[in-house]
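As structure tokens, the structure follows; a few thoughts come after it.
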Amino acid sequence: MQAFLDIFDIYLLEAVVNGILLGGVLALLALGLNLIFGVIDVTWICYAELVMIGMYGMYYMVQVFGLPYWAAAPIAILLVAALGAALHYIVIAPLLTAPPINQLLATGGVLFILQSFATVAFGIDFRNLGIRLPVLAIGEMHLSYSRLLSFAAALIGMVTVYLFMTRTYTGTAIRAISQDRQIMSLMGVDTKRIYLITSALGGALAGLAACLLVLQYDVHPFVGLSFGPITFLICVLGGLGNFVGGFIAAFVFAEIISLGGLFSDLEWGYVLAFAFFIVMMFIRPAGLFARRS
Amino acid sequence: MNSRNAAWATGLAALIALPFVYREPYHLHLLVLILIWSFAYTSWSIMGRFGLVSLGHGGFMGVGAYVTALLWNHLGVSPWIGIPLSMVAAGALALVVAYPCFRFRITGHYFVLVTLALSGIVLQVITATRDYTGGSLGYTPNRTKGSQLLALQFDDKVTWYLIALFVWVMGLLIWRWVDRSMSRYAMEAISEDEDAAAAAGVNVTAEKLKITLISALMTALAGALYCQYQMFISPDTVSGIAVSLQMVFAVIVGGLYVSLGPTVGAIITILLAEILRIGFGTKAVGWDNLVYGVLLVVFIIFLPKGILGSILDRFKTQPKPSGTP
């Protein structure tokens, strides 16, 4: 947590730029969560914990088994994608007809499982990759390469998902299901298969986020709590299931945290972000960019 | 009905008499914890049973515990005044968040996530104001010498047991009162269909606010009691998302729709944690939550009514054994 909090430096512009860079990764997380919500109509409370598992995967592959970073990253992404598919298959699929709240609470149970599994299996020590990327100095600003890299990779990830969703048959089917859940099975789309693919895709996005976050932050079993709640707030603020809204809300939140942390402790940045969220909920209950029905 | 009341009365008398017959400190300690948490879980279930799933109760509990302790340490206000004040604070917080929520029809996922933000805020504020609250290291109310009624600090477990028992019974009575009031029908109608309920003349916002307020006040009281009993609070044990989820978990396991469900949930979770702690020692760190998590998922999939709820259901659906050999 502290490592997550100590990042912000003294300059305003630097804070703004850092906010944008942080926003990239948050937008990636929000995209994964929105995808799952939009298509399957389920909120994965444990989404950030999938990221945590991915971060541990990276740590073990790079630090313990000595794989280079670029080789470990695809494996970590696949691992978390498989985890996402398994989560859907084991927990969500039996609950598809249950009240939505039950699905949400079941993933809350998975949050407990993953957190305590990490505690039991990996211990509560803070671990990091031990990769130190250089810092880029532009005039007075100091930007770390790891953040620039994360931002770039997050953007590439999002563009890839966009292309997948618009250019392939499966992607089109996913978008169609998010518009009308009942009718698509009549159109000859195998909903079960699409749900599984979507969950794996959501997991893969979490895995990508894990590969990027592990460059900047130490991993420990509770690391999910430091960015999980913020991800939910971003998705709700942008409108659950609304990809563009989530994207913009991620940057709004990242700036609030970054600038709030600049003027005071970073916790106050978070408090500010939370308070902003609650106020916004009252002004735009269905999200910033809700389509008026 | 009479035999049922008699059973309740006998059970209660036995519970009151218990510490005078049997006073092994560790077991009494467990009982006090079970009673306090049962009360907290009961207060969550008052809302939760009507589909108002709140993950903000960790926040109310944190307000209850920290306001009481801070008033005592910094201003010397006795918990007898501090606890009501902390309840008022939690109630005000609940109203500030819940009124717009209900007014603007924030329900389902959105309500859960807004309340999640609430417990997030309380946790962060407690951590951020570390100069006063001790931050994540935790906080201890100033000790008085020995037991003192004014400071609500008692050395012997029996007094605490009786206090916790009293509060727990109050919680059950409130549950029953809600269960038998018109509010229950109103709330059930609302949880089925808000528009239809409103059309039938139910004041949706007011009914929901009433239930939320009751629930928040009770949760704050539970937090304050926990603080006075344990004499140590930290943001992680009384506030935040983990505590909120723990409440949900215990209630679901015990049974959401029956009055003793949350109590059964508290018994199971606390005993489970203690057994694992004694059985595995420090190696058990994490194991209890692992078991909780698995149980929570299994229960939601296979036994959504909880243990007690399912048992009671079985009794109800079984035909009366009349004339069977």
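As shown in the structure tokens, the chain order sets the letters A, B, ...; within each chain, residues go from 1, and ligands are also counted from 1 in the order they appear.
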* Pick out the residues sitting within 6 Å of segment 252-260 of chain B, and hand them over as an NGL selection string; count only C-alpha atoms, and ignore anything fewer than 3 positions along from it in its own chain. => :B and (49 or 249 or 263-265 or 305-309)
Dump of N, CA and C atoms for the selected residues, as a PDB file, in the first residue's frame:
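So the final result, stored in result_31.pdb, reads:
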```pdb
ATOM      1  N   ARG B  49     -32.305  -8.566   4.444  1.00  0.00           N
ATOM      2  CA  ARG B  49     -33.367  -9.503   4.090  1.00  0.00           C
ATOM      3  C   ARG B  49     -34.355  -8.910   3.106  1.00  0.00           C
ATOM      4  N   PHE B 249     -21.278 -12.519   4.839  1.00  0.00           N
ATOM      5  CA  PHE B 249     -20.954 -13.935   4.843  1.00  0.00           C
ATOM      6  C   PHE B 249     -21.649 -14.665   5.993  1.00  0.00           C
ATOM      7  N   THR B 263     -27.283 -15.131  14.272  1.00  0.00           N
ATOM      8  CA  THR B 263     -26.626 -15.674  15.455  1.00  0.00           C
ATOM      9  C   THR B 263     -25.943 -16.998  15.122  1.00  0.00           C
ATOM     10  N   VAL B 264     -26.663 -17.856  14.405  1.00  0.00           N
ATOM     11  CA  VAL B 264     -26.059 -19.121  13.991  1.00  0.00           C
ATOM     12  C   VAL B 264     -24.818 -18.848  13.143  1.00  0.00           C
ATOM     13  N   GLY B 265     -24.930 -17.846  12.262  1.00  0.00           N
ATOM     14  CA  GLY B 265     -23.783 -17.470  11.439  1.00  0.00           C
ATOM     15  C   GLY B 265     -22.601 -17.045  12.289  1.00  0.00           C
ATOM     16  N   LYS B 305     -30.602 -20.135   1.500  1.00  0.00           N
ATOM     17  CA  LYS B 305     -31.364 -19.723   2.684  1.00  0.00           C
ATOM     18  C   LYS B 305     -30.563 -19.870   3.965  1.00  0.00           C
ATOM     19  N   GLY B 306     -29.365 -20.391   3.879  1.00  0.00           N
ATOM     20  CA  GLY B 306     -28.541 -20.536   5.071  1.00  0.00           C
ATOM     21  C   GLY B 306     -28.856 -21.805   5.825  1.00  0.00           C
ATOM     22  N   ILE B 307     -28.028 -22.107   6.804  1.00  0.00           N
ATOM     23  CA  ILE B 307     -28.171 -23.352   7.537  1.00  0.00           C
ATOM     24  C   ILE B 307     -29.500 -23.391   8.291  1.00  0.00           C
ATOM     25  N   LEU B 308     -29.710 -22.369   9.151  1.00  0.00           N
ATOM     26  CA  LEU B 308     -30.911 -22.386   9.983  1.00  0.00           C
ATOM     27  C   LEU B 308     -32.164 -22.274   9.122  1.00  0.00           C
ATOM     28  N   GLY B 309     -32.104 -21.392   8.122  1.00  0.00           N
ATOM     29  CA  GLY B 309     -33.257 -21.224   7.243  1.00  0.00           C
ATOM     30  C   GLY B 309     -33.649 -22.527   6.574  1.00  0.00           C
TER      31      GLY B 309
END
```
* Name the residues in contact with Val238 of chain B at a cut-off of 7 Å, using only C-alpha atoms, excluding same-chain residues fewer than 6 positions from it; report them as a list in words. => Gly58, Met61, Gly62 and Gly223 of chain B
Sorted by chain and rising residue number, which residues of chain A lie within 6 Å of chain B, and what are their closest atom pairs and distances in Å to one decimal, counting only C-alpha atoms, as a Markdown table?
```
| residue | atom | partner | partner_atom | distance |
| --- | --- | --- | --- | --- |
| A:Ala106 | CA | B:Val297 | CA | 4.9 |
| A:Gly109 | CA | B:Gly293 | CA | 4.2 |
| A:Val110 | CA | B:Gly293 | CA | 5.9 |
| A:Phe112 | CA | B:Gly293 | CA | 4.8 |
| A:Ile113 | CA | B:Leu290 | CA | 4.7 |
| A:Ser116 | CA | B:Gly286 | CA | 4.5 |
| A:Thr119 | CA | B:Gly286 | CA | 5.5 |
| A:Val120 | CA | B:Gly286 | CA | 5.6 |
| A:Glu267 | CA | B:Ala128 | CA | 5.5 |
| A:Val271 | CA | B:Ile121 | CA | 5.4 |
| A:Phe274 | CA | B:Ala117 | CA | 5.9 |
| A:Phe282 | CA | B:Pro100 | CA | 6.0 |
```
Keeping only N, CA and C atoms, write the selected residues to a file as a PDB file, in the first residue's frame.
```pdb
ATOM      1  N   ALA A 106     -21.318 -14.140  -4.172  1.00  0.00           N
ATOM      2  CA  ALA A 106     -20.482 -15.322  -4.408  1.00  0.00           C
ATOM      3  C   ALA A 106     -19.092 -14.898  -4.851  1.00  0.00           C
ATOM      4  N   GLY A 109     -17.172 -14.050  -2.001  1.00  0.00           N
ATOM      5  CA  GLY A 109     -16.566 -15.236  -1.394  1.00  0.00           C
ATOM      6  C   GLY A 109     -15.267 -15.598  -2.092  1.00  0.00           C
ATOM      7  N   VAL A 110     -15.270 -15.470  -3.423  1.00  0.00           N
ATOM      8  CA  VAL A 110     -14.044 -15.764  -4.167  1.00  0.00           C
ATOM      9  C   VAL A 110     -12.942 -14.784  -3.771  1.00  0.00           C
ATOM     10  N   PHE A 112     -12.472 -13.540  -0.794  1.00  0.00           N
ATOM     11  CA  PHE A 112     -11.912 -14.128   0.427  1.00  0.00           C
ATOM     12  C   PHE A 112     -10.967 -15.278   0.080  1.00  0.00           C
ATOM     13  N   ILE A 113     -11.431 -16.151  -0.827  1.00  0.00           N
ATOM     14  CA  ILE A 113     -10.642 -17.338  -1.160  1.00  0.00           C
ATOM     15  C   ILE A 113      -9.294 -16.937  -1.742  1.00  0.00           C
ATOM     16  N   SER A 116      -6.989 -15.161   0.880  1.00  0.00           N
ATOM     17  CA  SER A 116      -6.417 -16.016   1.916  1.00  0.00           C
ATOM     18  C   SER A 116      -5.573 -17.120   1.299  1.00  0.00           C
ATOM     19  N   THR A 119      -2.364 -15.519   1.070  1.00  0.00           N
ATOM     20  CA  THR A 119      -1.743 -15.433   2.386  1.00  0.00           C
ATOM     21  C   THR A 119      -1.130 -16.771   2.772  1.00  0.00           C
ATOM     22  N   VAL A 120      -1.893 -17.838   2.537  1.00  0.00           N
ATOM     23  CA  VAL A 120      -1.433 -19.160   2.940  1.00  0.00           C
ATOM     24  C   VAL A 120      -0.265 -19.612   2.063  1.00  0.00           C
ATOM     25  N   GLU A 267      -4.095   9.305   1.187  1.00  0.00           N
ATOM     26  CA  GLU A 267      -5.393   8.809   1.656  1.00  0.00           C
ATOM     27  C   GLU A 267      -6.473   9.836   1.387  1.00  0.00           C
ATOM     28  N   VAL A 271     -10.036   9.647  -0.284  1.00  0.00           N
ATOM     29  CA  VAL A 271     -11.274  10.123   0.340  1.00  0.00           C
ATOM     30  C   VAL A 271     -11.999  11.057  -0.614  1.00  0.00           C
ATOM     31  N   PHE A 274     -13.582   9.081  -3.393  1.00  0.00           N
ATOM     32  CA  PHE A 274     -14.795   8.409  -2.907  1.00  0.00           C
ATOM     33  C   PHE A 274     -15.935   9.406  -2.747  1.00  0.00           C
ATOM     34  N   PHE A 282     -25.387  11.037  -7.052  1.00  0.00           N
ATOM     35  CA  PHE A 282     -26.656  11.710  -6.822  1.00  0.00           C
ATOM     36  C   PHE A 282     -27.008  12.616  -7.988  1.00  0.00           C
TER      37      PHE A 282
END
```
* Selection near Leu172 of chain B, 9 Å with only C-alpha atoms, sequence-local residues under 4 positions removed, as a list of chain:residue names -> B:Phe39, B:Thr42, B:Val167, B:Trp168, B:Arg176, B:Trp177, B:Ser259, B:Leu260
* Asked: Which is closer to Leu259 of chain A than all the others in A:Ala118, A:Ser144, A:Val135, A:Ala273, using only C-alpha atoms?
  -> A:Ala273
